[in-house]
$ cat target.txt   # compact mmCIF, C-alpha atoms and all ligand atoms
# COMPACT_ATOMS: atom_id res chain seq x y z
CA MET A 11 170.74 60.35 307.97
CA PRO A 12 169.79 58.57 311.25
CA ASP A 13 172.43 56.58 313.18
CA ILE A 14 173.10 53.33 311.36
CA ASP A 15 172.54 50.11 313.30
CA PRO A 16 175.91 48.28 313.09
CA ALA A 17 174.27 44.82 312.97
CA LYS A 18 172.05 45.82 310.05
CA LEU A 19 175.05 47.41 308.34
CA ALA A 20 177.14 44.24 308.77
CA ALA A 21 174.37 42.07 307.28
CA SER A 22 173.91 44.52 304.41
CA ARG A 23 177.61 44.61 303.58
CA ALA A 24 177.85 40.82 303.60
CA ALA A 25 174.84 40.54 301.26
CA ILE A 26 176.27 43.14 298.88
CA GLU A 27 179.32 40.88 298.50
CA LEU A 28 177.02 38.53 296.57
CA VAL A 29 176.29 41.17 293.91
CA ARG A 30 178.10 40.77 290.58
CA ASP A 31 178.27 42.97 287.50
CA GLY A 32 175.27 42.46 285.19
CA MET A 33 172.98 41.02 287.87
CA ARG A 34 169.23 41.57 287.99
CA LEU A 35 168.41 42.48 291.59
CA GLY A 36 165.32 42.76 293.77
CA LEU A 37 165.58 45.44 296.45
CA GLY A 38 163.63 44.91 299.69
CA THR A 39 161.84 47.34 301.97
CA GLY A 40 162.42 48.51 305.54
CA SER A 41 165.23 50.01 307.59
CA THR A 42 167.68 47.13 306.95
CA ALA A 43 166.94 47.07 303.24
CA SER A 44 167.44 50.85 303.13
CA ILE A 45 170.93 50.45 304.56
CA MET A 46 171.60 47.75 301.97
CA VAL A 47 170.39 50.04 299.15
CA ARG A 48 172.80 52.77 300.32
CA GLU A 49 175.67 50.29 300.43
CA LEU A 50 174.70 48.94 297.02
CA ALA A 51 174.61 52.42 295.48
CA ALA A 52 178.08 53.12 296.88
CA LYS A 53 179.40 49.82 295.47
CA VAL A 54 177.88 50.48 292.05
CA LYS A 55 179.58 53.89 291.94
CA ALA A 56 182.92 52.66 293.22
CA GLU A 57 183.12 49.61 290.95
CA GLY A 58 181.19 50.94 287.93
CA LEU A 59 178.77 48.00 288.03
CA SER A 60 175.90 47.68 285.62
CA LEU A 61 172.82 46.27 287.38
CA ARG A 62 169.13 46.01 286.68
CA CYS A 63 167.06 46.64 289.83
CA ALA A 64 163.39 46.20 290.75
CA ALA A 65 162.07 47.68 294.01
CA THR A 66 159.57 46.11 296.40
CA SER A 67 157.96 49.43 297.38
CA LYS A 68 157.59 53.04 296.31
CA ALA A 69 159.75 54.05 299.29
CA THR A 70 162.61 51.79 298.17
CA ALA A 71 162.30 52.93 294.55
CA GLU A 72 162.51 56.58 295.64
CA LEU A 73 165.51 55.95 297.88
CA ALA A 74 167.35 53.92 295.22
CA GLU A 75 166.73 56.51 292.52
CA SER A 76 167.83 59.34 294.80
CA LEU A 77 171.15 57.49 295.17
CA GLY A 78 171.60 57.09 291.42
CA LEU A 79 170.37 53.49 291.01
CA ARG A 80 168.07 53.03 288.03
CA ILE A 81 164.83 51.24 288.95
CA GLU A 82 162.83 49.28 286.42
CA THR A 83 159.57 47.42 286.89
CA LEU A 84 159.69 43.69 287.51
CA ASP A 85 157.95 43.19 284.18
CA GLN A 86 160.63 45.18 282.35
CA ILE A 87 163.32 42.96 283.85
CA GLY A 88 161.32 39.73 283.71
CA TRP A 89 163.22 37.56 286.20
CA LEU A 90 165.76 38.33 288.90
CA ASP A 91 169.01 36.69 289.93
CA LEU A 92 168.93 37.80 293.54
CA THR A 93 166.60 39.60 295.96
CA ILE A 94 167.94 41.05 299.19
CA ASP A 95 165.34 41.99 301.80
CA GLY A 96 164.81 42.35 305.53
CA ALA A 97 162.45 40.33 307.71
CA ASP A 98 160.52 40.72 310.93
CA GLU A 99 161.19 37.14 312.04
CA VAL A 100 163.31 34.30 310.67
CA ASP A 101 163.41 30.76 312.05
CA SER A 102 166.09 28.08 311.68
CA GLU A 103 164.27 26.65 308.62
CA LEU A 104 164.43 30.07 306.91
CA ASN A 105 160.69 30.61 307.22
CA LEU A 106 159.83 34.26 307.71
CA ILE A 107 157.32 36.76 308.88
CA LYS A 108 157.52 39.87 306.72
CA GLY A 109 155.37 42.91 306.11
CA GLY A 110 156.04 45.05 309.17
CA GLY A 111 156.38 47.84 306.62
CA GLY A 112 153.21 46.76 304.82
CA ALA A 113 155.12 45.81 301.67
CA HIS A 114 154.91 42.00 301.86
CA LEU A 115 152.74 41.61 298.74
CA ARG A 116 155.29 43.19 296.41
CA GLU A 117 158.09 41.65 298.46
CA LYS A 118 156.71 38.16 297.97
CA ILE A 119 156.12 38.67 294.24
CA VAL A 120 159.68 39.93 293.79
CA ALA A 121 161.24 37.24 296.01
CA MET A 122 159.44 34.45 294.18
CA ALA A 123 160.51 35.88 290.82
CA SER A 124 164.15 35.54 291.91
CA ASP A 125 166.57 32.65 291.61
CA ARG A 126 167.70 33.44 295.14
CA MET A 127 166.27 35.36 298.09
CA VAL A 128 168.67 36.47 300.81
CA VAL A 129 167.40 37.95 304.06
CA ILE A 130 169.45 40.47 305.98
CA ALA A 131 168.65 41.02 309.64
CA ASP A 132 169.88 41.85 313.11
CA PRO A 133 169.95 39.11 315.79
CA GLY A 134 166.63 40.26 317.27
CA LYS A 135 164.84 38.85 314.24
CA VAL A 136 165.96 35.25 314.80
CA VAL A 137 163.27 33.18 316.54
CA GLN A 138 162.69 29.55 317.48
CA GLN A 139 159.07 29.69 316.40
CA LEU A 140 157.32 32.29 314.27
CA GLY A 141 154.48 34.35 315.70
CA ALA A 142 155.58 36.83 318.36
CA PHE A 143 155.66 39.55 315.70
CA HIS A 144 152.15 40.43 314.50
CA LEU A 145 151.42 38.77 311.17
CA PRO A 146 150.34 41.31 308.54
CA VAL A 147 147.63 40.34 306.09
CA GLU A 148 146.90 42.54 303.07
CA VAL A 149 143.17 42.58 302.28
CA LEU A 150 140.95 44.22 299.70
CA ALA A 151 138.95 47.28 300.79
CA PHE A 152 135.90 45.70 299.14
CA GLY A 153 134.06 43.59 301.70
CA PHE A 154 136.62 44.47 304.34
CA GLU A 155 134.30 43.75 307.31
CA ALA A 156 133.37 40.32 305.92
CA THR A 157 137.04 39.50 305.31
CA GLN A 158 137.85 40.54 308.88
CA GLU A 159 135.11 38.22 310.16
CA LEU A 160 136.32 35.32 307.99
CA LEU A 161 139.84 35.85 309.32
CA ARG A 162 138.50 35.79 312.88
CA ARG A 163 136.71 32.50 312.18
CA ALA A 164 139.78 30.98 310.50
CA LEU A 165 141.88 31.80 313.56
CA ASP A 166 139.22 30.28 315.82
CA ASP A 167 139.12 27.10 313.72
CA LEU A 168 142.89 26.76 314.09
CA GLY A 169 142.69 27.39 317.83
CA LEU A 170 144.66 30.62 317.49
CA GLY A 171 143.76 33.65 319.56
CA GLY A 172 144.08 37.27 318.53
CA LYS A 173 141.64 39.28 316.51
CA PRO A 174 142.59 40.97 313.23
CA VAL A 175 143.26 44.67 313.82
CA ARG A 176 143.95 47.49 311.34
CA PRO A 177 147.29 49.03 312.32
CA ARG A 178 147.99 52.76 312.24
CA ARG A 179 151.08 54.21 310.69
CA ARG A 180 153.14 57.06 312.10
CA GLY A 181 150.86 60.13 312.10
CA GLY A 182 147.85 58.02 313.09
CA ASP A 183 146.46 57.17 309.65
CA LEU A 184 145.14 53.66 309.05
CA ALA A 185 147.65 51.69 306.99
CA VAL A 186 147.04 51.51 303.23
CA THR A 187 149.50 49.62 301.01
CA ASP A 188 151.21 50.72 297.79
CA GLU A 189 148.44 48.77 296.00
CA GLY A 190 145.70 50.72 297.83
CA ASN A 191 144.70 47.73 299.96
CA TYR A 192 144.18 47.55 303.73
CA ILE A 193 146.34 45.74 306.27
CA LEU A 194 145.07 43.59 309.12
CA ASP A 195 147.56 42.57 311.79
CA LEU A 196 147.15 39.24 313.55
CA ALA A 197 148.62 39.18 317.07
CA LEU A 198 149.10 35.45 317.55
CA ASP A 199 152.07 35.04 319.95
CA VAL A 200 152.98 31.67 318.42
CA ILE A 201 152.18 29.97 315.14
CA PRO A 202 152.38 26.21 315.83
CA ASP A 203 151.57 25.18 312.24
CA ALA A 204 152.58 27.90 309.77
CA PRO A 205 151.67 25.96 306.59
CA ALA A 206 148.14 25.31 307.95
CA LEU A 207 147.72 29.00 308.77
CA ALA A 208 149.06 30.02 305.36
CA ARG A 209 146.54 27.70 303.65
CA ALA A 210 143.65 29.01 305.75
CA LEU A 211 144.53 32.64 305.01
CA ALA A 212 144.95 32.00 301.28
CA ALA A 213 141.49 30.39 301.18
CA ILE A 214 139.76 33.67 302.13
CA PRO A 215 138.84 35.53 298.93
CA GLY A 216 139.39 39.07 300.29
CA VAL A 217 142.93 38.20 301.40
CA VAL A 218 145.40 39.47 298.84
CA GLU A 219 148.54 38.15 300.56
CA HIS A 220 149.84 37.35 304.03
CA GLY A 221 153.26 37.91 305.53
CA LEU A 222 154.25 34.26 305.99
CA PHE A 223 157.17 33.47 303.66
CA LEU A 224 157.48 29.70 303.81
CA GLY A 225 160.16 27.97 301.75
CA ILE A 226 160.98 31.19 299.85
CA CYS A 227 164.16 32.40 301.54
CA ASP A 228 167.42 30.69 300.53
CA MET A 229 169.81 32.25 303.03
CA ALA A 230 169.68 34.63 305.99
CA ILE A 231 172.66 36.80 306.89
CA ILE A 232 172.47 37.89 310.51
CA GLY A 233 174.67 40.84 311.37
CA ARG A 234 176.09 41.48 314.80
CA ALA A 235 176.87 44.75 316.52
CA ASP A 236 180.63 43.98 316.34
CA GLY A 237 180.43 43.89 312.54
CA SER A 238 180.59 40.08 312.21
CA THR A 239 177.88 37.99 310.58
CA ILE A 240 176.46 34.50 310.82
CA THR A 241 174.64 32.74 308.03
CA LEU A 242 171.54 30.61 308.40
C1 LIG A 301 158.54 45.36 305.10
C2 LIG A 301 159.32 44.21 305.60
C3 LIG A 301 160.64 44.52 306.23
O1 LIG A 301 161.62 43.84 305.54
C4 LIG A 301 160.58 44.07 307.66
O2 LIG A 301 159.50 44.76 308.29
C5 LIG A 301 161.89 44.37 308.38
O3 LIG A 301 162.06 45.75 308.49
P1 LIG A 301 163.29 46.37 309.26
O4 LIG A 301 164.51 46.05 308.48
O5 LIG A 301 162.98 47.86 309.29
O6 LIG A 301 163.30 45.79 310.64
O7 LIG A 301 158.94 43.07 305.52
O8 LIG A 301 157.31 44.96 304.57
$ encode --input "target.txt" --output "structure tokens"
Amino acid sequence: MPDIDPAKLAASRAAIELVRDGMRLGLGTGSTASIMVRELAAKVKAEGLSLRCAATSKATAELAESLGLRIETLDQIGWLDLTIDGADEVDSELNLIKGGGGAHLREKIVAMASDRMVVIADPGKVVQQLGAFHLPVEVLAFGFEATQELLRRALDDLGLGGKPVRPRRRGGDLAVTDEGNYILDLALDVIPDAPALARALAAIPGVVEHGLFLGICDMAIIGRADGSTITL
């Protein structure tokens, strides 16, 4: 196992404190969420907890199952008490950019089907204004070029620079999501009006989902390298 980032570990441990026997949990995706899943599996074993868990990606489902956690589909569980997930950026209003791992579609579905969404992150994820991290947009393969052009025009209309680019994953392959869709990254630097951008993106038919999580997160636990945490 790679060296564990102490800030991510501290945030994960604090979030796991919120887990109670019998809960229905959503498990996020990414390096921080992976640490949380390992901590959760250890807690379940140590305390003999009975949980129902839904994963936000194939990678998280595989990891959780390899550690002895039973994963069910969201439809089997129906509704969740709590989802714990990472984020690429979080602002003081708990608005997020997510999807650096290309999982934001399932992550948003799971988070919004939860009574509570808690973000776990290291201090580098806390920003004054969203936008420095590229904003991932999941788009259908059908009509991809037209969707890319419509995205370009939407950004122009909003006075935002940056053209939509298909990112490559490790190994050089173009990114394809768990749903078989494409990803377009928007390098924007700053997003002055996130709700306006979210509306413009949602109005494009080939856009399946974007990585802006506005008004979805209930709490963010920011871990620090010394093992302490702060809560937003
Ligand atoms: C994946 C995500 C991740 O939660 C986000 O990219 C943060 O990842 P990490 O914990 O590895 O920094 O949204 O789609």
$ residues_near_point --input "target.txt" --point "(147.0, 52.5, 312.3)" --cutoff "10 Å" --atoms "all atoms listed in the file" --output "PyMOL selection string"
chain A and resi 175-186+193-195
$ atom_distance --input "target.txt" --atom1 "atom CA of Gly171 of chain A" --atom2 "atom CA of Thr187 of chain A"
25.1 Å
$ residues_near_ligand --input "target.txt" --ligand "ligand LIG 301 (chain A)" --cutoff "6 Å" --atoms "only C-alpha atoms and all ligand atoms" --output "list in words"
Thr39, Gly40, Ser41, Thr42, Ala43, Asp95, Gly96, Ala97, Asp98, Lys108, Gly109, Gly110, Gly111, Gly112, Ala113 and His114 of chain A
$ write_last_selection --input "target.txt" --atoms "C-alpha atoms" --output "short mmCIF file (atom, residue, chain, number, x, y, z; two decimals), in the frame of the given file"
data_model
loop_
_atom_site.label_atom_id
_atom_site.label_comp_id
_atom_site.auth_asym_id
_atom_site.auth_seq_id
_atom_site.Cartn_x
_atom_site.Cartn_y
_atom_site.Cartn_z
CA THR A 39 161.84 47.34 301.97
CA GLY A 40 162.42 48.51 305.54
CA SER A 41 165.23 50.01 307.59
CA THR A 42 167.68 47.13 306.95
CA ALA A 43 166.94 47.07 303.24
CA ASP A 95 165.34 41.99 301.80
CA GLY A 96 164.81 42.35 305.53
CA ALA A 97 162.45 40.33 307.71
CA ASP A 98 160.52 40.72 310.93
CA LYS A 108 157.52 39.87 306.72
CA GLY A 109 155.37 42.91 306.11
CA GLY A 110 156.04 45.05 309.17
CA GLY A 111 156.38 47.84 306.62
CA GLY A 112 153.21 46.76 304.82
CA ALA A 113 155.12 45.81 301.67
CA HIS A 114 154.91 42.00 301.86
#
$ residues_around --input "target.txt" --residues "segment 74-79 of chain A" --least-positions-apart "4" --cutoff "8 Å" --atoms "all atoms listed in the file" --output "number ranges by chain"
A: 47-48, 51, 63, 70
$ residues_around --input "target.txt" --residues "segment 119-136 of chain A" --least-positions-apart "2" --cutoff "7 Å" --atoms "all atoms listed in the file" --output "VMD selection string"
chain A and resid 17 to 18 21 to 22 36 42 66 89 to 101 115 to 117 226 to 234
$ closest_atom_pairs --input "target.txt" --of "segment 95-119 of chain A" --to "segment 204-213 of chain A" --cutoff "12 Å" --atoms "all atoms listed in the file" --output "JSON lines"
{"residue": "A:Asp101", "atom": "CA", "partner": "A:Ala204", "partner_atom": "CA", "distance": 11.4}
{"residue": "A:Glu103", "atom": "CA", "partner": "A:Ala204", "partner_atom": "CA", "distance": 11.8}
{"residue": "A:Asn105", "atom": "CA", "partner": "A:Ala204", "partner_atom": "CA", "distance": 8.9}
{"residue": "A:Leu106", "atom": "CA", "partner": "A:Ala204", "partner_atom": "CA", "distance": 9.9}
{"residue": "A:Ile107", "atom": "CA", "partner": "A:Ala204", "partner_atom": "CA", "distance": 10.1}
$ build_atoms --input "target.txt" --residues "segment 83-108 of chain A" --atoms "N, CA and C atoms" --output "PDB file, keeping the file's coordinate frame"
ATOM      1  N   THR A  83     160.625  48.264 286.330  1.00  0.00           N
ATOM      2  CA  THR A  83     159.570  47.420 286.890  1.00  0.00           C
ATOM      3  C   THR A  83     160.014  45.956 286.781  1.00  0.00           C
ATOM      4  N   LEU A  84     159.376  45.121 287.590  1.00  0.00           N
ATOM      5  CA  LEU A  84     159.690  43.690 287.510  1.00  0.00           C
ATOM      6  C   LEU A  84     159.381  43.165 286.113  1.00  0.00           C
ATOM      7  N   ASP A  85     158.313  43.661 285.526  1.00  0.00           N
ATOM      8  CA  ASP A  85     157.950  43.190 284.180  1.00  0.00           C
ATOM      9  C   ASP A  85     158.984  43.609 283.129  1.00  0.00           C
ATOM     10  N   GLN A  86     159.579  44.772 283.293  1.00  0.00           N
ATOM     11  CA  GLN A  86     160.630  45.180 282.350  1.00  0.00           C
ATOM     12  C   GLN A  86     161.838  44.248 282.449  1.00  0.00           C
ATOM     13  N   ILE A  87     162.136  43.815 283.657  1.00  0.00           N
ATOM     14  CA  ILE A  87     163.320  42.960 283.850  1.00  0.00           C
ATOM     15  C   ILE A  87     162.975  41.492 283.579  1.00  0.00           C
ATOM     16  N   GLY A  88     161.784  41.081 284.007  1.00  0.00           N
ATOM     17  CA  GLY A  88     161.320  39.730 283.710  1.00  0.00           C
ATOM     18  C   GLY A  88     161.593  38.738 284.818  1.00  0.00           C
ATOM     19  N   TRP A  89     162.828  38.515 285.149  1.00  0.00           N
ATOM     20  CA  TRP A  89     163.220  37.560 286.200  1.00  0.00           C
ATOM     21  C   TRP A  89     164.465  38.100 286.875  1.00  0.00           C
ATOM     22  N   LEU A  90     164.646  37.749 288.141  1.00  0.00           N
ATOM     23  CA  LEU A  90     165.760  38.330 288.900  1.00  0.00           C
ATOM     24  C   LEU A  90     166.749  37.238 289.338  1.00  0.00           C
ATOM     25  N   ASP A  91     168.004  37.630 289.432  1.00  0.00           N
ATOM     26  CA  ASP A  91     169.010  36.690 289.930  1.00  0.00           C
ATOM     27  C   ASP A  91     168.969  36.592 291.448  1.00  0.00           C
ATOM     28  N   LEU A  92     168.780  37.737 292.081  1.00  0.00           N
ATOM     29  CA  LEU A  92     168.930  37.800 293.540  1.00  0.00           C
ATOM     30  C   LEU A  92     168.030  38.900 294.108  1.00  0.00           C
ATOM     31  N   THR A  93     167.325  38.574 295.189  1.00  0.00           N
ATOM     32  CA  THR A  93     166.600  39.600 295.960  1.00  0.00           C
ATOM     33  C   THR A  93     167.176  39.651 297.360  1.00  0.00           C
ATOM     34  N   ILE A  94     167.430  40.853 297.824  1.00  0.00           N
ATOM     35  CA  ILE A  94     167.940  41.050 299.190  1.00  0.00           C
ATOM     36  C   ILE A  94     166.900  41.867 299.948  1.00  0.00           C
ATOM     37  N   ASP A  95     166.433  41.324 301.080  1.00  0.00           N
ATOM     38  CA  ASP A  95     165.340  41.990 301.800  1.00  0.00           C
ATOM     39  C   ASP A  95     165.498  41.733 303.295  1.00  0.00           C
ATOM     40  N   GLY A  96     164.839  42.549 304.088  1.00  0.00           N
ATOM     41  CA  GLY A  96     164.810  42.350 305.530  1.00  0.00           C
ATOM     42  C   GLY A  96     163.713  41.371 305.917  1.00  0.00           C
ATOM     43  N   ALA A  97     163.537  41.183 307.217  1.00  0.00           N
ATOM     44  CA  ALA A  97     162.450  40.330 307.710  1.00  0.00           C
ATOM     45  C   ALA A  97     162.120  40.747 309.137  1.00  0.00           C
ATOM     46  N   ASP A  98     160.918  40.432 309.551  1.00  0.00           N
ATOM     47  CA  ASP A  98     160.520  40.720 310.930  1.00  0.00           C
ATOM     48  C   ASP A  98     160.851  39.544 311.846  1.00  0.00           C
ATOM     49  N   GLU A  99     160.759  38.337 311.306  1.00  0.00           N
ATOM     50  CA  GLU A  99     161.190  37.140 312.040  1.00  0.00           C
ATOM     51  C   GLU A  99     161.769  36.143 311.044  1.00  0.00           C
ATOM     52  N   VAL A 100     162.769  35.402 311.477  1.00  0.00           N
ATOM     53  CA  VAL A 100     163.310  34.300 310.670  1.00  0.00           C
ATOM     54  C   VAL A 100     163.584  33.131 311.609  1.00  0.00           C
ATOM     55  N   ASP A 101     163.138  31.930 311.211  1.00  0.00           N
ATOM     56  CA  ASP A 101     163.410  30.760 312.050  1.00  0.00           C
ATOM     57  C   ASP A 101     164.553  29.928 311.441  1.00  0.00           C
ATOM     58  N   SER A 102     164.919  28.844 312.109  1.00  0.00           N
ATOM     59  CA  SER A 102     166.090  28.080 311.680  1.00  0.00           C
ATOM     60  C   SER A 102     165.861  27.384 310.330  1.00  0.00           C
ATOM     61  N   GLU A 103     164.593  27.256 309.920  1.00  0.00           N
ATOM     62  CA  GLU A 103     164.270  26.650 308.620  1.00  0.00           C
ATOM     63  C   GLU A 103     164.182  27.703 307.517  1.00  0.00           C
ATOM     64  N   LEU A 104     164.494  28.939 307.850  1.00  0.00           N
ATOM     65  CA  LEU A 104     164.430  30.070 306.910  1.00  0.00           C
ATOM     66  C   LEU A 104     162.999  30.434 306.529  1.00  0.00           C
ATOM     67  N   ASN A 105     162.051  30.085 307.388  1.00  0.00           N
ATOM     68  CA  ASN A 105     160.690  30.610 307.220  1.00  0.00           C
ATOM     69  C   ASN A 105     160.636  31.987 307.872  1.00  0.00           C
ATOM     70  N   LEU A 106     159.808  32.861 307.288  1.00  0.00           N
ATOM     71  CA  LEU A 106     159.830  34.260 307.710  1.00  0.00           C
ATOM     72  C   LEU A 106     158.447  34.789 308.030  1.00  0.00           C
ATOM     73  N   ILE A 107     158.433  35.807 308.891  1.00  0.00           N
ATOM     74  CA  ILE A 107     157.320  36.760 308.880  1.00  0.00           C
ATOM     75  C   ILE A 107     157.870  38.050 308.303  1.00  0.00           C
ATOM     76  N   LYS A 108     157.155  38.597 307.321  1.00  0.00           N
ATOM     77  CA  LYS A 108     157.520  39.870 306.720  1.00  0.00           C
ATOM     78  C   LYS A 108     156.271  40.741 306.636  1.00  0.00           C
TER      79      LYS A 108
END
